[in-house]
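Colleague: Have a look at this one before I ask anything.
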Amino acid sequence: MPLALHRLAPLCVPAVALVILSSCSSEPAGPAKGTPAFYWQAAGESYKLGDPMKTVENLDRIMATDNEYVAKALPWALVLTSGMASGYAELADDYEAGARANQSDPTAFRRPVSDYRGYANRLSLSFAEHAAKLDKLQGDSVPMAFGYPVGTAAPVAALTKVAGGIVLSAPEADAAQKRAIERGVLLAACRLSGAPEDTAKTESILKDPDAKVSRSAVVVGVAQTLYDESALYGPDKLDDPEKVTLFCDRAQALLKSVPESKESKELSAKLEKVLKKAKKS
(Lines give C-alpha, C1' and ligand atoms only; values in the text may rest on other atoms or scores of the structure.)
Protein backbone atom coordinates (compact mmCIF):
# COMPACT_ATOMS: atom_id res chain seq x y z
CA MET A 1 0.00 0.00 0.00
CA PRO A 2 1.41 3.45 -0.89
CA LEU A 3 2.51 5.39 2.18
CA ALA A 4 -0.08 8.17 1.72
CA LEU A 5 -3.00 5.71 1.61
CA HIS A 6 -1.54 3.76 4.54
CA ARG A 7 -1.62 6.90 6.67
CA LEU A 8 -5.17 7.80 5.64
CA ALA A 9 -6.65 4.34 6.21
CA PRO A 10 -7.00 4.63 10.01
CA LEU A 11 -8.78 7.97 9.60
CA CYS A 12 -11.61 6.23 7.76
CA VAL A 13 -12.80 4.49 10.95
CA PRO A 14 -13.66 7.67 12.91
CA ALA A 15 -15.32 9.05 9.79
CA VAL A 16 -17.62 6.02 9.61
CA ALA A 17 -18.29 6.31 13.33
CA LEU A 18 -19.29 9.93 12.89
CA VAL A 19 -21.80 8.91 10.21
CA ILE A 20 -23.26 6.26 12.53
CA LEU A 21 -23.50 8.70 15.45
CA SER A 22 -25.09 11.26 13.19
CA SER A 23 -27.72 8.76 12.07
CA CYS A 24 -28.41 7.77 15.69
CA SER A 25 -28.86 11.39 16.76
CA SER A 26 -31.63 11.77 14.20
CA GLU A 27 -33.85 9.35 16.14
CA PRO A 28 -36.85 10.93 17.93
CA ALA A 29 -35.95 12.21 21.39
CA GLY A 30 -38.03 11.30 24.44
CA PRO A 31 -40.12 13.82 26.38
CA ALA A 32 -38.16 16.82 27.67
CA LYS A 33 -36.98 16.37 31.23
CA GLY A 34 -39.24 18.00 33.80
CA THR A 35 -42.34 17.99 31.61
CA PRO A 36 -45.57 16.16 32.52
CA ALA A 37 -44.94 13.77 29.63
CA PHE A 38 -41.50 12.98 31.04
CA TYR A 39 -42.90 12.19 34.50
CA TRP A 40 -45.73 10.12 32.99
CA GLN A 41 -43.17 8.00 31.15
CA ALA A 42 -41.05 7.75 34.32
CA ALA A 43 -44.11 6.64 36.31
CA GLY A 44 -44.74 3.85 33.81
CA GLU A 45 -41.14 2.69 34.03
CA SER A 46 -41.01 2.66 37.85
CA TYR A 47 -44.38 0.86 37.94
CA LYS A 48 -43.03 -1.90 35.71
CA LEU A 49 -39.99 -2.19 37.97
CA GLY A 50 -42.26 -2.80 40.96
CA ASP A 51 -41.54 0.50 42.73
CA PRO A 52 -44.95 1.98 43.66
CA MET A 53 -43.45 4.67 45.90
CA LYS A 54 -41.31 6.05 43.08
CA THR A 55 -44.33 5.86 40.80
CA VAL A 56 -46.32 8.03 43.20
CA GLU A 57 -43.48 10.55 43.34
CA ASN A 58 -43.60 10.90 39.56
CA LEU A 59 -47.40 11.17 39.57
CA ASP A 60 -47.25 13.87 42.25
CA ARG A 61 -44.92 15.89 40.02
CA ILE A 62 -47.48 15.65 37.23
CA MET A 63 -50.28 16.84 39.51
CA ALA A 64 -48.27 19.82 40.73
CA THR A 65 -49.54 21.73 37.67
CA ASP A 66 -52.64 21.69 35.47
CA ASN A 67 -51.89 19.61 32.38
CA GLU A 68 -53.31 16.92 30.12
CA TYR A 69 -51.90 14.05 32.22
CA VAL A 70 -53.58 14.97 35.52
CA ALA A 71 -56.82 13.15 34.65
CA LYS A 72 -54.88 9.88 34.27
CA ALA A 73 -52.37 10.51 37.06
CA LEU A 74 -54.92 11.20 39.81
CA PRO A 75 -56.81 7.86 39.73
CA TRP A 76 -53.51 5.99 39.53
CA ALA A 77 -52.15 7.87 42.54
CA LEU A 78 -55.36 7.14 44.46
CA VAL A 79 -54.96 3.41 43.81
CA LEU A 80 -51.28 3.34 44.77
CA THR A 81 -51.44 5.49 47.90
CA SER A 82 -54.51 3.72 49.29
CA GLY A 83 -53.16 0.30 48.33
CA MET A 84 -49.80 0.86 49.99
CA ALA A 85 -51.47 2.38 53.06
CA SER A 86 -53.67 -0.69 53.35
CA GLY A 87 -50.70 -3.02 52.99
CA TYR A 88 -48.71 -1.26 55.70
CA ALA A 89 -51.75 -1.11 57.99
CA GLU A 90 -52.22 -4.85 57.61
CA LEU A 91 -48.55 -5.45 58.38
CA ALA A 92 -48.82 -3.30 61.51
CA ASP A 93 -51.90 -5.14 62.75
CA ASP A 94 -50.31 -8.56 62.26
CA TYR A 95 -47.10 -7.56 64.01
CA GLU A 96 -49.15 -6.10 66.87
CA ALA A 97 -50.93 -9.43 67.20
CA GLY A 98 -47.53 -11.13 67.14
CA ALA A 99 -46.32 -8.99 70.03
CA ARG A 100 -49.28 -10.16 72.12
CA ALA A 101 -48.75 -13.79 71.12
CA ASN A 102 -45.01 -13.87 71.75
CA GLN A 103 -44.70 -12.90 75.39
CA SER A 104 -41.06 -13.99 75.55
CA ASP A 105 -39.85 -11.63 72.77
CA PRO A 106 -42.44 -8.90 72.06
CA THR A 107 -39.76 -6.33 71.15
CA ALA A 108 -39.11 -8.11 67.85
CA PHE A 109 -42.64 -7.09 66.84
CA ARG A 110 -43.12 -3.67 68.42
CA ARG A 111 -40.66 -1.74 66.22
CA PRO A 112 -42.27 -2.95 62.97
CA VAL A 113 -45.69 -1.95 64.35
CA SER A 114 -44.46 1.63 64.87
CA ASP A 115 -42.71 1.79 61.50
CA TYR A 116 -45.55 0.31 59.48
CA ARG A 117 -48.19 2.51 61.12
CA GLY A 118 -46.02 5.52 60.36
CA TYR A 119 -45.88 4.57 56.68
CA ALA A 120 -49.63 3.89 56.62
CA ASN A 121 -50.27 7.30 58.19
CA ARG A 122 -48.23 9.22 55.61
CA LEU A 123 -49.75 7.34 52.68
CA SER A 124 -53.31 7.69 54.04
CA LEU A 125 -52.85 11.45 54.37
CA SER A 126 -51.52 11.58 50.83
CA PHE A 127 -54.56 9.62 49.66
CA ALA A 128 -56.90 12.02 51.46
CA GLU A 129 -55.20 14.97 49.76
CA HIS A 130 -55.61 13.34 46.35
CA ALA A 131 -59.24 12.50 47.10
CA ALA A 132 -59.95 16.21 47.57
CA LYS A 133 -58.92 16.77 43.93
CA LEU A 134 -61.53 14.45 42.45
CA ASP A 135 -63.74 17.39 41.55
CA LYS A 136 -61.11 18.38 38.98
CA LEU A 137 -61.98 15.36 36.88
CA GLN A 138 -64.64 16.20 34.33
CA GLY A 139 -67.23 13.90 32.80
CA ASP A 140 -69.10 10.79 33.88
CA SER A 141 -66.12 8.42 33.56
CA VAL A 142 -62.62 8.27 34.99
CA PRO A 143 -59.57 6.95 33.11
CA MET A 144 -57.78 3.98 34.71
CA ALA A 145 -54.77 3.91 32.40
CA PHE A 146 -52.24 1.96 34.44
CA GLY A 147 -52.90 -1.72 33.74
CA TYR A 148 -53.66 -4.62 36.02
CA PRO A 149 -51.40 -4.67 39.12
CA VAL A 150 -49.08 -7.58 39.90
CA GLY A 151 -49.61 -9.92 42.85
CA THR A 152 -52.60 -11.84 44.17
CA ALA A 153 -55.51 -11.01 46.45
CA ALA A 154 -54.84 -14.04 48.66
CA PRO A 155 -53.78 -13.30 52.26
CA VAL A 156 -50.02 -13.29 52.85
CA ALA A 157 -49.22 -16.68 54.39
CA ALA A 158 -46.12 -15.43 56.20
CA LEU A 159 -48.19 -12.84 58.08
CA THR A 160 -50.22 -15.64 59.63
CA LYS A 161 -46.96 -16.78 61.22
CA VAL A 162 -46.22 -13.23 62.35
CA ALA A 163 -49.64 -12.83 63.95
CA GLY A 164 -49.01 -16.11 65.76
CA GLY A 165 -45.83 -14.76 67.32
CA ILE A 166 -43.26 -16.34 65.01
CA VAL A 167 -40.24 -14.15 64.24
CA LEU A 168 -39.45 -14.17 60.51
CA SER A 169 -35.95 -14.09 59.06
CA ALA A 170 -34.96 -10.84 57.33
CA PRO A 171 -35.53 -12.25 53.81
CA GLU A 172 -38.91 -13.68 54.87
CA ALA A 173 -39.95 -10.37 56.42
CA ASP A 174 -38.95 -8.44 53.29
CA ALA A 175 -40.86 -10.85 51.08
CA ALA A 176 -43.95 -10.61 53.31
CA GLN A 177 -43.82 -6.81 53.16
CA LYS A 178 -43.57 -6.86 49.36
CA ARG A 179 -46.50 -9.26 49.08
CA ALA A 180 -48.64 -7.22 51.47
CA ILE A 181 -48.05 -4.04 49.46
CA GLU A 182 -48.80 -5.78 46.16
CA ARG A 183 -51.98 -7.24 47.64
CA GLY A 184 -53.05 -3.86 48.97
CA VAL A 185 -52.55 -2.17 45.61
CA LEU A 186 -54.40 -4.92 43.76
CA LEU A 187 -57.40 -4.75 46.09
CA ALA A 188 -57.39 -0.95 45.83
CA ALA A 189 -57.50 -1.24 42.04
CA CYS A 190 -60.48 -3.59 42.37
CA ARG A 191 -62.33 -1.21 44.65
CA LEU A 192 -61.77 1.91 42.54
CA SER A 193 -62.65 -0.02 39.39
CA GLY A 194 -66.10 -0.69 40.84
CA ALA A 195 -65.38 -4.38 41.43
CA PRO A 196 -64.42 -4.79 45.11
CA GLU A 197 -62.35 -7.97 45.64
CA ASP A 198 -63.28 -9.22 42.14
CA THR A 199 -59.86 -9.63 40.54
CA ALA A 200 -61.19 -11.34 37.40
CA LYS A 201 -63.56 -8.48 36.61
CA THR A 202 -60.92 -5.89 37.45
CA GLU A 203 -58.42 -7.56 35.14
CA SER A 204 -60.95 -7.55 32.29
CA ILE A 205 -61.47 -3.80 32.86
CA LEU A 206 -57.84 -2.77 33.23
CA LYS A 207 -56.44 -4.83 30.34
CA ASP A 208 -57.69 -2.09 28.02
CA PRO A 209 -55.00 0.65 27.82
CA ASP A 210 -57.85 3.17 27.52
CA ALA A 211 -59.84 1.69 30.41
CA LYS A 212 -62.47 3.93 31.98
CA VAL A 213 -64.72 3.46 35.01
CA SER A 214 -67.88 5.34 35.91
CA ARG A 215 -67.27 8.38 38.06
CA SER A 216 -69.85 7.19 40.61
CA ALA A 217 -68.02 3.87 41.10
CA VAL A 218 -64.70 5.63 41.65
CA VAL A 219 -66.16 8.18 44.06
CA VAL A 220 -67.92 5.53 46.15
CA GLY A 221 -64.71 3.47 46.16
CA VAL A 222 -62.67 6.45 47.35
CA ALA A 223 -65.25 7.29 50.03
CA GLN A 224 -65.22 3.69 51.26
CA THR A 225 -61.43 3.79 51.42
CA LEU A 226 -61.46 7.02 53.43
CA TYR A 227 -63.85 5.35 55.87
CA ASP A 228 -61.61 2.29 56.16
CA GLU A 229 -58.47 4.41 56.62
CA SER A 230 -60.11 6.42 59.41
CA ALA A 231 -59.75 3.28 61.58
CA LEU A 232 -55.99 3.88 61.60
CA TYR A 233 -56.64 6.91 63.82
CA GLY A 234 -58.84 5.10 66.32
CA PRO A 235 -58.05 4.99 70.08
CA ASP A 236 -56.41 1.56 69.84
CA LYS A 237 -53.98 2.71 67.12
CA LEU A 238 -52.80 6.28 66.43
CA ASP A 239 -55.57 7.83 68.60
CA ASP A 240 -56.22 10.98 66.57
CA PRO A 241 -59.96 11.89 66.60
CA GLU A 242 -59.35 14.97 64.44
CA LYS A 243 -58.10 12.82 61.58
CA VAL A 244 -61.00 10.41 62.02
CA THR A 245 -63.30 13.39 61.52
CA LEU A 246 -61.27 14.68 58.57
CA PHE A 247 -61.42 11.38 56.70
CA CYS A 248 -65.10 10.77 57.37
CA ASP A 249 -66.13 14.35 56.53
CA ARG A 250 -64.27 14.09 53.23
CA ALA A 251 -65.95 10.77 52.48
CA GLN A 252 -69.39 12.27 53.18
CA ALA A 253 -68.71 15.22 50.90
CA LEU A 254 -67.74 12.87 48.08
CA LEU A 255 -70.89 10.78 48.47
CA LYS A 256 -73.02 13.90 48.12
CA SER A 257 -71.47 14.52 44.69
CA VAL A 258 -72.90 11.33 43.13
CA PRO A 259 -76.40 9.82 42.84
CA GLU A 260 -77.48 7.83 45.89
CA SER A 261 -77.22 4.06 45.67
CA LYS A 262 -77.60 1.17 48.08
CA GLU A 263 -73.83 1.12 48.65
CA SER A 264 -73.54 4.87 49.19
CA LYS A 265 -76.53 4.91 51.55
CA GLU A 266 -75.06 2.12 53.71
CA LEU A 267 -71.66 3.80 53.75
CA SER A 268 -73.19 7.15 54.70
CA ALA A 269 -74.83 5.53 57.73
CA LYS A 270 -71.49 4.05 58.82
CA LEU A 271 -69.81 7.42 58.46
CA GLU A 272 -72.44 9.13 60.59
CA LYS A 273 -71.93 6.56 63.32
CA VAL A 274 -68.14 7.01 63.35
CA LEU A 275 -68.42 10.81 63.32
CA LYS A 276 -70.76 10.83 66.31
CA LYS A 277 -68.34 8.65 68.23
CA ALA A 278 -65.33 10.77 67.22
CA LYS A 279 -67.03 14.00 68.37
CA LYS A 280 -67.60 12.50 71.82
CA SER A 281 -63.89 11.68 72.18
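By order of appearance in the C-alpha coordinates: chains A, B, ..., then residues from 1 within every chain, and ligands from 1 in the order shown.
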Considering only C-alpha atoms, tabulate each residue of region 62-99 of chain A that lies at most 10 Å from region 206-227 of chain A along with its nearest interatomic pair and the corresponding distance in Å to one decimal; arrange the rows by chain and ascending residue number and present them as a tab-separated table.
Modeller:
```
residue	atom	partner	partner_atom	distance
A:Lys72	CA	A:Lys212	CA	9.9
A:Pro75	CA	A:Val218	CA	8.4
A:Leu78	CA	A:Val222	CA	7.9
A:Val79	CA	A:Val222	CA	9.0
A:Ser82	CA	A:Thr225	CA	7.2
A:Gly83	CA	A:Thr225	CA	9.5
A:Ser86	CA	A:Thr225	CA	9.2
```
Colleague: What are the DSSP alpha helix (DSSP H) residues of region 48-162 of chain A, as a VMD selection string?
Modeller: chain A and resid 48 52 to 62 70 to 101 107 to 131 157 to 162
Colleague: Per residue of region 95-164 of chain A within 12 Å of region 26-50 of chain A, note the shortest atom pair and the distance in Å to one decimal, counting only C-alpha atoms, and order the rows by chain and increasing residue number, as CSV.
Modeller:
```
residue,atom,partner,partner_atom,distance
A:Ala145,CA,A:Gly44,CA,10.1
A:Phe146,CA,A:Gly44,CA,7.8
A:Gly147,CA,A:Tyr47,CA,9.8
A:Tyr148,CA,A:Tyr47,CA,10.9
A:Pro149,CA,A:Tyr47,CA,9.0
A:Val150,CA,A:Gly50,CA,8.4
A:Gly151,CA,A:Gly50,CA,10.4
```
Colleague: Which one of A:Thr81, A:Ser169, A:Thr202, A:Thr160 sits closest to Tyr119 (chain A) if you count only C-alpha atoms?
Modeller: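 Counting only C-alpha atoms, the residue closest to Tyr119 (chain A) is A:Thr81.
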Colleague: With only C-alpha atoms as the atoms that count, which of A:Glu272, A:Asp66, A:Glu96, A:Asp198 lies nearest to Ala251 (chain A)?
Modeller: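 Smallest distance to Ala251 (chain A) is found for A:Glu272.
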Colleague: Can you list, as a tab-separated table (two decimals) with all heavy atoms, in the first residue's frame, every protein, DNA or RNA residue that comes within 10 Å of Thr245 (chain A) when you count only C-alpha atoms, leaving out same-chain residues fewer than 2 positions away?
Modeller:
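As written to disk, result_39.tsv reads:
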```tsv
chain	number	residue	atom	x	y	z
A	227	TYR	N	-63.22	5.91	54.67
A	227	TYR	CA	-63.85	5.35	55.87
A	227	TYR	C	-62.97	4.28	56.49
A	227	TYR	O	-62.73	4.28	57.70
A	227	TYR	CB	-65.22	4.77	55.51
A	227	TYR	CG	-65.82	3.89	56.58
A	227	TYR	CD1	-66.36	4.44	57.74
A	227	TYR	CD2	-65.82	2.50	56.44
A	227	TYR	CE1	-66.91	3.63	58.73
A	227	TYR	CE2	-66.37	1.68	57.42
A	227	TYR	CZ	-66.90	2.25	58.56
A	227	TYR	OH	-67.42	1.44	59.54
A	230	SER	N	-59.87	5.68	58.17
A	230	SER	CA	-60.11	6.42	59.41
A	230	SER	C	-59.87	5.54	60.63
A	230	SER	O	-59.56	6.04	61.72
A	230	SER	CB	-61.54	6.98	59.43
A	230	SER	OG	-62.50	5.95	59.61
A	233	TYR	N	-56.75	5.84	62.84
A	233	TYR	CA	-56.64	6.91	63.82
A	233	TYR	C	-57.54	6.68	65.03
A	233	TYR	O	-57.79	7.61	65.82
A	233	TYR	CB	-56.97	8.25	63.14
A	233	TYR	CG	-56.06	8.49	61.95
A	233	TYR	CD1	-56.51	8.23	60.65
A	233	TYR	CD2	-54.75	8.91	62.12
A	233	TYR	CE1	-55.68	8.41	59.56
A	233	TYR	CE2	-53.92	9.09	61.04
A	233	TYR	CZ	-54.38	8.83	59.75
A	233	TYR	OH	-53.54	9.00	58.68
A	240	ASP	N	-56.17	9.61	67.07
A	240	ASP	CA	-56.22	10.98	66.57
A	240	ASP	C	-57.64	11.27	66.07
A	240	ASP	O	-57.93	11.15	64.87
A	240	ASP	CB	-55.20	11.17	65.44
A	240	ASP	CG	-55.00	12.62	65.05
A	240	ASP	OD1	-55.92	13.44	65.31
A	240	ASP	OD2	-53.96	12.95	64.46
A	241	PRO	N	-58.56	11.66	66.98
A	241	PRO	CA	-59.96	11.89	66.60
A	241	PRO	C	-60.13	12.94	65.51
A	241	PRO	O	-61.07	12.86	64.70
A	241	PRO	CB	-60.61	12.36	67.91
A	241	PRO	CG	-59.72	11.82	68.99
A	241	PRO	CD	-58.34	11.85	68.42
A	242	GLU	N	-59.24	13.93	65.46
A	242	GLU	CA	-59.35	14.97	64.44
A	242	GLU	C	-59.20	14.39	63.04
A	242	GLU	O	-59.90	14.79	62.10
A	242	GLU	CB	-58.30	16.06	64.67
A	242	GLU	CG	-58.60	16.95	65.87
A	242	GLU	CD	-57.62	18.10	65.98
A	242	GLU	OE1	-56.78	18.26	65.06
A	242	GLU	OE2	-57.70	18.84	66.98
A	243	LYS	N	-58.29	13.44	62.90
A	243	LYS	CA	-58.10	12.82	61.58
A	243	LYS	C	-59.25	11.87	61.25
A	243	LYS	O	-59.62	11.73	60.08
A	243	LYS	CB	-56.75	12.11	61.52
A	243	LYS	CG	-55.57	13.06	61.41
A	243	LYS	CD	-54.32	12.35	61.00
A	243	LYS	CE	-53.18	13.34	60.79
A	243	LYS	NZ	-52.74	13.97	62.02
A	247	PHE	N	-61.23	12.43	57.71
A	247	PHE	CA	-61.42	11.38	56.70
A	247	PHE	C	-62.90	11.13	56.45
A	247	PHE	O	-63.33	10.99	55.30
A	247	PHE	CB	-60.71	10.10	57.13
A	247	PHE	CG	-59.25	10.07	56.80
A	247	PHE	CD1	-58.37	10.96	57.40
A	247	PHE	CD2	-58.74	9.16	55.89
A	247	PHE	CE1	-57.01	10.95	57.10
A	247	PHE	CE2	-57.38	9.13	55.59
A	247	PHE	CZ	-56.51	10.03	56.19
A	248	CYS	N	-63.68	11.07	57.53
A	248	CYS	CA	-65.10	10.77	57.37
A	248	CYS	C	-65.86	11.95	56.76
A	248	CYS	O	-66.79	11.75	55.96
A	248	CYS	CB	-65.70	10.37	58.71
A	248	CYS	SG	-65.08	8.78	59.32
A	249	ASP	N	-65.50	13.17	57.13
A	249	ASP	CA	-66.13	14.35	56.53
A	249	ASP	C	-65.87	14.39	55.02
A	249	ASP	O	-66.75	14.70	54.22
A	249	ASP	CB	-65.60	15.63	57.16
A	249	ASP	CG	-66.28	15.95	58.49
A	249	ASP	OD1	-67.34	15.35	58.78
A	249	ASP	OD2	-65.73	16.79	59.24
A	250	ARG	N	-64.63	14.08	54.65
A	250	ARG	CA	-64.27	14.09	53.23
A	250	ARG	C	-65.03	13.00	52.47
A	250	ARG	O	-65.46	13.20	51.34
A	250	ARG	CB	-62.76	13.91	53.08
A	250	ARG	CG	-62.24	14.19	51.69
A	250	ARG	CD	-60.80	14.65	51.72
A	250	ARG	NE	-60.65	15.94	52.37
A	250	ARG	CZ	-59.48	16.55	52.57
A	250	ARG	NH1	-58.37	15.97	52.17
A	250	ARG	NH2	-59.42	17.73	53.15
A	251	ALA	N	-65.20	11.87	53.11
A	251	ALA	CA	-65.95	10.77	52.48
A	251	ALA	C	-67.41	11.18	52.29
A	251	ALA	O	-68.01	10.92	51.24
A	251	ALA	CB	-65.85	9.52	53.35
A	271	LEU	N	-70.57	6.20	58.23
A	271	LEU	CA	-69.81	7.42	58.46
A	271	LEU	C	-70.43	8.26	59.57
A	271	LEU	O	-69.72	8.81	60.42
A	271	LEU	CB	-69.73	8.23	57.16
A	271	LEU	CG	-68.84	7.64	56.06
A	271	LEU	CD1	-69.13	8.31	54.72
A	271	LEU	CD2	-67.37	7.78	56.42
A	274	VAL	N	-69.53	6.76	62.95
A	274	VAL	CA	-68.14	7.01	63.35
A	274	VAL	C	-67.95	8.46	63.76
A	274	VAL	O	-67.26	8.77	64.74
A	274	VAL	CB	-67.18	6.65	62.20
A	274	VAL	CG1	-65.76	7.07	62.54
A	274	VAL	CG2	-67.21	5.15	61.94
A	275	LEU	N	-68.56	9.38	63.02
A	275	LEU	CA	-68.42	10.81	63.32
A	275	LEU	C	-69.02	11.15	64.69
A	275	LEU	O	-68.45	11.95	65.44
A	275	LEU	CB	-69.08	11.64	62.22
A	275	LEU	CG	-68.28	11.78	60.93
A	275	LEU	CD1	-69.13	12.36	59.82
A	275	LEU	CD2	-67.05	12.64	61.16
A	276	LYS	N	-70.14	10.58	65.00
A	276	LYS	CA	-70.76	10.83	66.31
A	276	LYS	C	-69.84	10.36	67.43
A	276	LYS	O	-69.67	11.04	68.45
A	276	LYS	CB	-72.11	10.12	66.39
A	276	LYS	CG	-73.22	10.79	65.58
A	276	LYS	CD	-74.53	10.03	65.74
A	276	LYS	CE	-75.63	10.68	64.90
A	276	LYS	NZ	-76.92	9.93	65.01
A	277	LYS	N	-69.24	9.21	67.22
A	277	LYS	CA	-68.34	8.65	68.23
A	277	LYS	C	-67.09	9.50	68.37
A	277	LYS	O	-66.58	9.74	69.48
A	277	LYS	CB	-67.97	7.21	67.86
A	277	LYS	CG	-67.18	6.48	68.92
A	277	LYS	CD	-66.96	5.03	68.51
A	277	LYS	CE	-66.17	4.29	69.60
A	277	LYS	NZ	-65.94	2.87	69.23
A	278	ALA	N	-66.56	9.97	67.21
A	278	ALA	CA	-65.33	10.77	67.22
A	278	ALA	C	-65.56	12.11	67.92
A	278	ALA	O	-64.68	12.61	68.64
A	278	ALA	CB	-64.85	11.00	65.79
A	279	LYS	N	-66.74	12.71	67.75
A	279	LYS	CA	-67.03	14.00	68.37
A	279	LYS	C	-67.17	13.91	69.88
A	279	LYS	O	-66.99	14.89	70.60
A	279	LYS	CB	-68.30	14.57	67.75
A	279	LYS	CG	-68.10	15.04	66.31
A	279	LYS	CD	-69.39	15.47	65.66
A	279	LYS	CE	-69.14	15.86	64.20
A	279	LYS	NZ	-70.42	16.21	63.50
```
Colleague: When you count only C-alpha atoms, which of these residues is closest to Leu74 (chain A): A:Leu134, A:Ala157, A:Ala180, A:Ala101?
Modeller: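 Nearest candidate to Leu74 (chain A) out of A:Leu134, A:Ala157, A:Ala180, A:Ala101: A:Leu134.
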Colleague: What are the DSSP strand (DSSP E or B) residues of region 11-239 of chain A, as a PDB file with N, CA, C and O atoms, in the first residue's frame?
Modeller:
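states-v8.pdb written:
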```pdb
ATOM      1  N   SER A 141     -67.036   9.561  33.439  1.00  0.00           N
ATOM      2  CA  SER A 141     -66.123   8.415  33.560  1.00  0.00           C
ATOM      3  C   SER A 141     -64.728   8.889  33.938  1.00  0.00           C
ATOM      4  O   SER A 141     -64.367  10.047  33.713  1.00  0.00           O
ATOM      5  N   VAL A 142     -63.970   7.972  34.515  1.00  0.00           N
ATOM      6  CA  VAL A 142     -62.620   8.273  34.989  1.00  0.00           C
ATOM      7  C   VAL A 142     -61.636   7.316  34.334  1.00  0.00           C
ATOM      8  O   VAL A 142     -61.849   6.103  34.347  1.00  0.00           O
ATOM      9  N   PRO A 143     -60.544   7.830  33.748  1.00  0.00           N
ATOM     10  CA  PRO A 143     -59.567   6.952  33.106  1.00  0.00           C
ATOM     11  C   PRO A 143     -58.771   6.140  34.131  1.00  0.00           C
ATOM     12  O   PRO A 143     -58.368   6.666  35.165  1.00  0.00           O
ATOM     13  N   LYS A 212     -61.756   2.879  31.268  1.00  0.00           N
ATOM     14  CA  LYS A 212     -62.465   3.926  31.981  1.00  0.00           C
ATOM     15  C   LYS A 212     -63.503   3.292  32.905  1.00  0.00           C
ATOM     16  O   LYS A 212     -64.043   2.236  32.602  1.00  0.00           O
ATOM     17  N   VAL A 213     -63.754   3.945  34.014  1.00  0.00           N
ATOM     18  CA  VAL A 213     -64.723   3.458  35.007  1.00  0.00           C
ATOM     19  C   VAL A 213     -65.680   4.603  35.314  1.00  0.00           C
ATOM     20  O   VAL A 213     -65.295   5.780  35.277  1.00  0.00           O
ATOM     21  N   SER A 214     -66.912   4.284  35.622  1.00  0.00           N
ATOM     22  CA  SER A 214     -67.882   5.339  35.913  1.00  0.00           C
ATOM     23  C   SER A 214     -67.417   6.179  37.100  1.00  0.00           C
ATOM     24  O   SER A 214     -66.848   5.666  38.064  1.00  0.00           O
TER      25      SER A 214
END
```
